[in-house]
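Structure first, commentary second.
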Amino acid sequence: MVSIRFTDGSSRECNEGATFLEILKGHDKGILKKTVAVKVNGALYGLKEPLCASSAPVYVEPVPLETKEGLELCRHSAAHVMAQAVKSLYGGVKLAIGPAIEDGFYYDFDTDRPFTPEDLEKIEAKMKEIIKVDYPFTGESLSKDAALGLFKGMGEGYKEEIISELKGDSVSIYKQGDFIDLCRGPHLPSTGWIKAFKLLSSAGAYWRGSEKNRMLQRIYGTAFASKAALDEHIARMEEAKKRDHRKLGRELDLFTTSEDIGAGLVLWHPHGATVRRIIEDFWKAEHVNAMYDIVYTPHIAVVDLWKKSGHWDFYRENLFSPMDVEGQDYIVKPMNCPFHIQIYKSRLRSYRDLPVRYAELGTVYRYERSGVLHGLLRVRGFTQDDAHIFMTPDQLEGEIKGVLNFTLYILKAFGFNEFDIYLSTRPEKYVGSLDNWAKAEAALKAALESTGLPFSIDPGEGVFYGPKIDIKIKDVIGRSWQCSTIQVDFNLPERFDVTYRDEAGKESRPIMIHRALMGSLERFFGCLVEHYAGAFPTWLAPVQAVILTVTERNDAYAAEVYKTLKGRGIRAELDVRNEKLGFKIREGQLRKIPYQLVIGDKEMSEGKVAPRRRGGETLPAQTVEEFIEAVEAECVAGAAR
RNA sequence: GCCGGCGUAGCUCAGGGGUAGAGCAACUGAUUCGUAAUCAGUAGGUCGAGGGUUCAAUUCCCCCCGCCGGCUCCA
């Protein structure tokens with residue numbers, strides 16, 4: 001007998017060998033119905049697995065379907081069902097891997113013929129049949145040799161490869177119907193437990209993600225606890241689609257790319273450029289405030305500079321080819337750092353000068369392979385909000401703290417209040433002394449701790465030249481965007497022999513940090529567009545107010561109002577087109593302009609305007625002055641958040 | 001770069017071996033109107049670029065360019 005304690009406080013005695021399904025009997029039916037697995041002393045087990053002998057009490061926690069672990073298990077089972085369907089429909093298909101992933105699952109198949117959308121429908125239909133038959137998932141343990149023999153006999157070469165790389169002597173396999181797969185498990189009790197799933201897309205994917213390997217065909221799908229939850233997820237995907245910055249970029253006339261210009265190169269249209277200008281002005285003012293010196297540097301430089309920096313060796317495949325200038329090779333810059341270093345080195349520096357903070361909105365060009373380009377998020381020419389800080393070693397922690405707080409302040413100003421923060425530590429290949437690494441990591445950690453924000457540590461994920469902090473921002477609908485990065489660099493100061501004179505008059509090596517808060521203006525802007533779904537807050541909106549006339553009689557007065565607004569720095573437009581008011585309202589609404597100022601005979605006679613907010617709310621008629629003051633107040637509040 | 005899909009009017013898209021259509025936008029006219037689409041008319045296309053097959057290609061084939069979804073969240 002094994003003594004079992006449940007998380008609800010109850011306990012009972014069970015025979016060893018009893019399945020968890022049996023053990024849970026007697027539990028509340030409501031709970032039981034939702035339970036898809038159990039956690040036994042913290043480890044996940046399927047409901048049909050037997051209880052092992054134990055002298056100590058065993059803690060059993062039911063895992064409901066709608067939890068993260070429950071869904072993961074369900075999705076993994078769905079991946080198996082999909083594989084079963086594919087194998088029964090298409091001969092000669094070999095299985096690779098089929099894990100549950102965030103928001104769904106996939107399975108990679110080796111097949112000569114890629115899957116079409118029609119195939120997906122067929123597979124989905126087959127899966128429904130399999131689910132209806134309700135095949136039980138049964139797991140068993142095999143010796144490695146036996147498993148190798150089994151999968152070899154089935155012609156499943158990828159499974160053989162996986163088995164031979166697994167540690168331990170035995171592996172587990174799972175079956176449902178005539179389908180057998182190598183699998184760690186656990187699974188749902190049977191296929192019928194899959195309540196709501198959908199296949200989403202197919203795509204090529206290299207075996208183990210390496211281009212050197214054969215390309216497989218991957219099918220993505222997802223599964224949820226209920227049809228309602230699945231529908232909700234699909235609605236979320238549609239919402240994300242609506243917010244797509246590439247779609248909104250065109251609709252709101254913010255930016256375009258053109259094949260006549262070249263892939264990955266962005267044209268900022270007047271409205272997008274206005275938003276960018278406001279971001280840049282804000283950025284500059286805040287940097288001056290935060291004691292940075294703003295600098296400008298060229299777009300091209302002699303290639304030797306990049307040989308010296310190491311970029312030419314480490315980064316070659318991302319650099320554009322050199323151009324010949326009077327017999328000397330130049331390249332467009334992929335980074336700003338060597339230029340800032342040159343400015344630093346233009347004269348002798350004293351410890352009294354430090355820290356030196358150079359900031360630049362520096363436009364850089366990097367060659368990205370055509371397949372990875374993506375809207376504004378992955379481009380070939382972009383502007384970094386870059387800065388390099390040179391400091392003495394004992395200034396490091398204070399500077400990092402300063403940068404970190406500054407970063408959060410700037411990000412919050414743009415409406416981002418949730419962050420995922422990561423500290424990446426020393427990788428296997430690194431430059432610099434262990435001592436310096438330890439100090440720098442400690443300084444980054446201390447700075448992070450001082451913010452009181454949670455962060456996680458990515459061991460070994462630092463860049464070869466130093467540890468770093470990455471900040472991902474979360475947008476309104478919960479998606480993460482990598483923007484900010486703060487990196488310590490032990491490499492470049494050495495390579496460029498950057499020095500300062502310390503208190504003793506001796507030549508010393510400063511520490512350098514690179515940092516970008518928004519990352520690149522292109523990416524950050526794309527992120528902003530999606531965050532706000534194109535409806536920028538008033539302080540950022542390219543057009544803040546559009547003046548709408550009711551009839552021609554109002555034109556002259558409207559023009560006066562327009563002039564007043566422009567004179568006061570409000571970004572206004574005048575719409576005196578011969579259209580009905582409803583038409584103009586609709587258009588202004590679709591353009592997501594924060595305010596529409598209606599002017600008819602009534603407003604004209606009273607010397608007022610009738611504002612209407614973007615959401616549809618009509619404000620009481622007011623004087624132009626009142627409106628201007630309200631907008632000004634709103635903008636100050638917006639930028640200073 | 002690789003796999004798959006796509007590229008037709010400014011935009012969204014239909015069509016298909018016999019030199020092309022819709023809606024919206026644009027333009028012209030009428031209308032002077034109060035909070036999400038007034039009516040009528042006109043114009044607009046080397047069907048992404050180049051090559052091939054054919055009596056004939058936008059349609060079929062090849063190649064190039066661009067765009068979209070992917071390319072380890074490891075049994």
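Chain labels A, B, ... are given in the sequence in which chains occur in the structure tokens; within each chain residues are numbered consecutively from 1, and ligands are likewise numbered from 1 in the order shown.
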Kindly provide, as a ChimeraX atom specification, the residues of chain B having any atom no farther than 7 Å from an atom of chain A, counting only C-alpha atoms (C1' of nucleotides).
/B:1,3-4,32-37,66,69-73,75
Selection near segment 10-27 of chain B, 12 Å with only C-alpha atoms (C1' of nucleotides), sequence-local residues under 4 positions removed, as a VMD selection string
(chain A and resid 247 250 to 253) or (chain B and resid 37 41 to 47 53 to 60)
Between A:Pro393, A:Pro537, A:Gly92, A:Pro64, single out the one closest to Asp435 of chain A, counting only C-alpha atoms.
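Nearest to Asp435 of chain A: A:Pro393.
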Taking the backbone alone, and naming residues the way the document does, which bits of segment 316-563 of chain A are alpha helix (DSSP H) by DSSP, as a VMD selection string?
chain A and resid 337 to 344 396 to 413 434 to 451 492 to 495 521 to 531 555 to 563
For the structure I just gave you, how does DSSP split segment 320-524 of chain A - specifically, which residues are strand (DSSP E or B)? Reply as number ranges by chain.
A: 323-325, 328-332, 350, 356-365, 374, 378, 381-391, 418-424, 456-458, 463, 466, 468-474, 480-489, 500-501, 507-508, 511-520
Would you pick out the contacts of Arg366 of chain A at 10 Å or less, using only C-alpha atoms (C1' of nucleotides), so that residues sharing its chain but fewer than 5 positions from it are not included, and give the list as an MDAnalysis selection string?
chainID A and resid 264 315:320 332:335 379:382
Selected residues written out, N, CA, C and O atoms, as a tab-separated table (two decimals), in the first residue's frame:
chain	number	residue	atom	x	y	z
A	264	GLY	N	14.46	45.48	-47.91
A	264	GLY	CA	14.94	45.78	-46.56
A	264	GLY	C	15.36	47.23	-46.36
A	264	GLY	O	16.03	47.54	-45.39
A	315	TYR	N	32.00	39.20	-38.37
A	315	TYR	CA	30.69	39.68	-38.75
A	315	TYR	C	30.56	39.78	-40.26
A	315	TYR	O	29.64	40.37	-40.78
A	316	ARG	N	31.56	39.17	-40.92
A	316	ARG	CA	31.73	39.38	-42.36
A	316	ARG	C	30.46	39.17	-43.18
A	316	ARG	O	30.13	39.95	-44.06
A	317	GLU	N	29.74	38.07	-42.88
A	317	GLU	CA	28.60	37.74	-43.75
A	317	GLU	C	27.46	38.73	-43.60
A	317	GLU	O	26.51	38.70	-44.36
A	318	ASN	N	27.56	39.63	-42.63
A	318	ASN	CA	26.52	40.65	-42.47
A	318	ASN	C	26.97	42.03	-42.97
A	318	ASN	O	26.26	43.00	-42.78
A	319	LEU	N	28.15	42.09	-43.56
A	319	LEU	CA	28.65	43.38	-44.04
A	319	LEU	C	28.40	43.51	-45.54
A	319	LEU	O	28.50	42.54	-46.28
A	320	PHE	N	28.09	44.71	-45.97
A	320	PHE	CA	27.99	44.95	-47.40
A	320	PHE	C	29.41	45.01	-47.99
A	320	PHE	O	30.36	45.36	-47.30
A	332	VAL	N	30.06	50.63	-46.01
A	332	VAL	CA	29.04	51.35	-45.25
A	332	VAL	C	29.05	50.77	-43.85
A	332	VAL	O	29.30	49.59	-43.65
A	333	LYS	N	28.80	51.62	-42.86
A	333	LYS	CA	29.01	51.16	-41.50
A	333	LYS	C	27.91	50.21	-41.00
A	333	LYS	O	26.73	50.47	-41.19
A	334	PRO	N	28.32	49.12	-40.37
A	334	PRO	CA	27.36	48.22	-39.75
A	334	PRO	C	27.14	48.58	-38.28
A	334	PRO	O	26.25	48.05	-37.64
A	335	MET	N	27.99	49.44	-37.75
A	335	MET	CA	27.95	49.81	-36.33
A	335	MET	C	28.52	51.21	-36.18
A	335	MET	O	29.27	51.67	-37.03
A	379	VAL	N	15.48	44.61	-41.21
A	379	VAL	CA	15.76	45.38	-42.42
A	379	VAL	C	17.26	45.42	-42.68
A	379	VAL	O	18.05	44.90	-41.90
A	380	ARG	N	17.65	46.04	-43.77
A	380	ARG	CA	19.08	46.10	-44.11
A	380	ARG	C	19.69	47.46	-43.81
A	380	ARG	O	20.90	47.60	-43.81
A	381	GLY	N	18.84	48.46	-43.62
A	381	GLY	CA	19.35	49.78	-43.25
A	381	GLY	C	18.49	50.30	-42.12
A	381	GLY	O	17.28	50.34	-42.26
A	382	PHE	N	19.09	50.65	-40.99
A	382	PHE	CA	18.28	51.09	-39.87
A	382	PHE	C	19.07	52.04	-38.98
A	382	PHE	O	20.30	52.11	-39.05
Neighbour list for Val529 of chain A as a list in words, cut-off 10 Å, only C-alpha atoms (C1' of nucleotides), skip fewer than 3 positions in-chain:
Arg243, Asp244, His245, Arg246, Leu248, Gly249, Leu254, Gly272, Arg523, Phe524, Phe525, Gly526, Tyr532, Ala533, Gly534, Ala535 and Phe536 of chain A
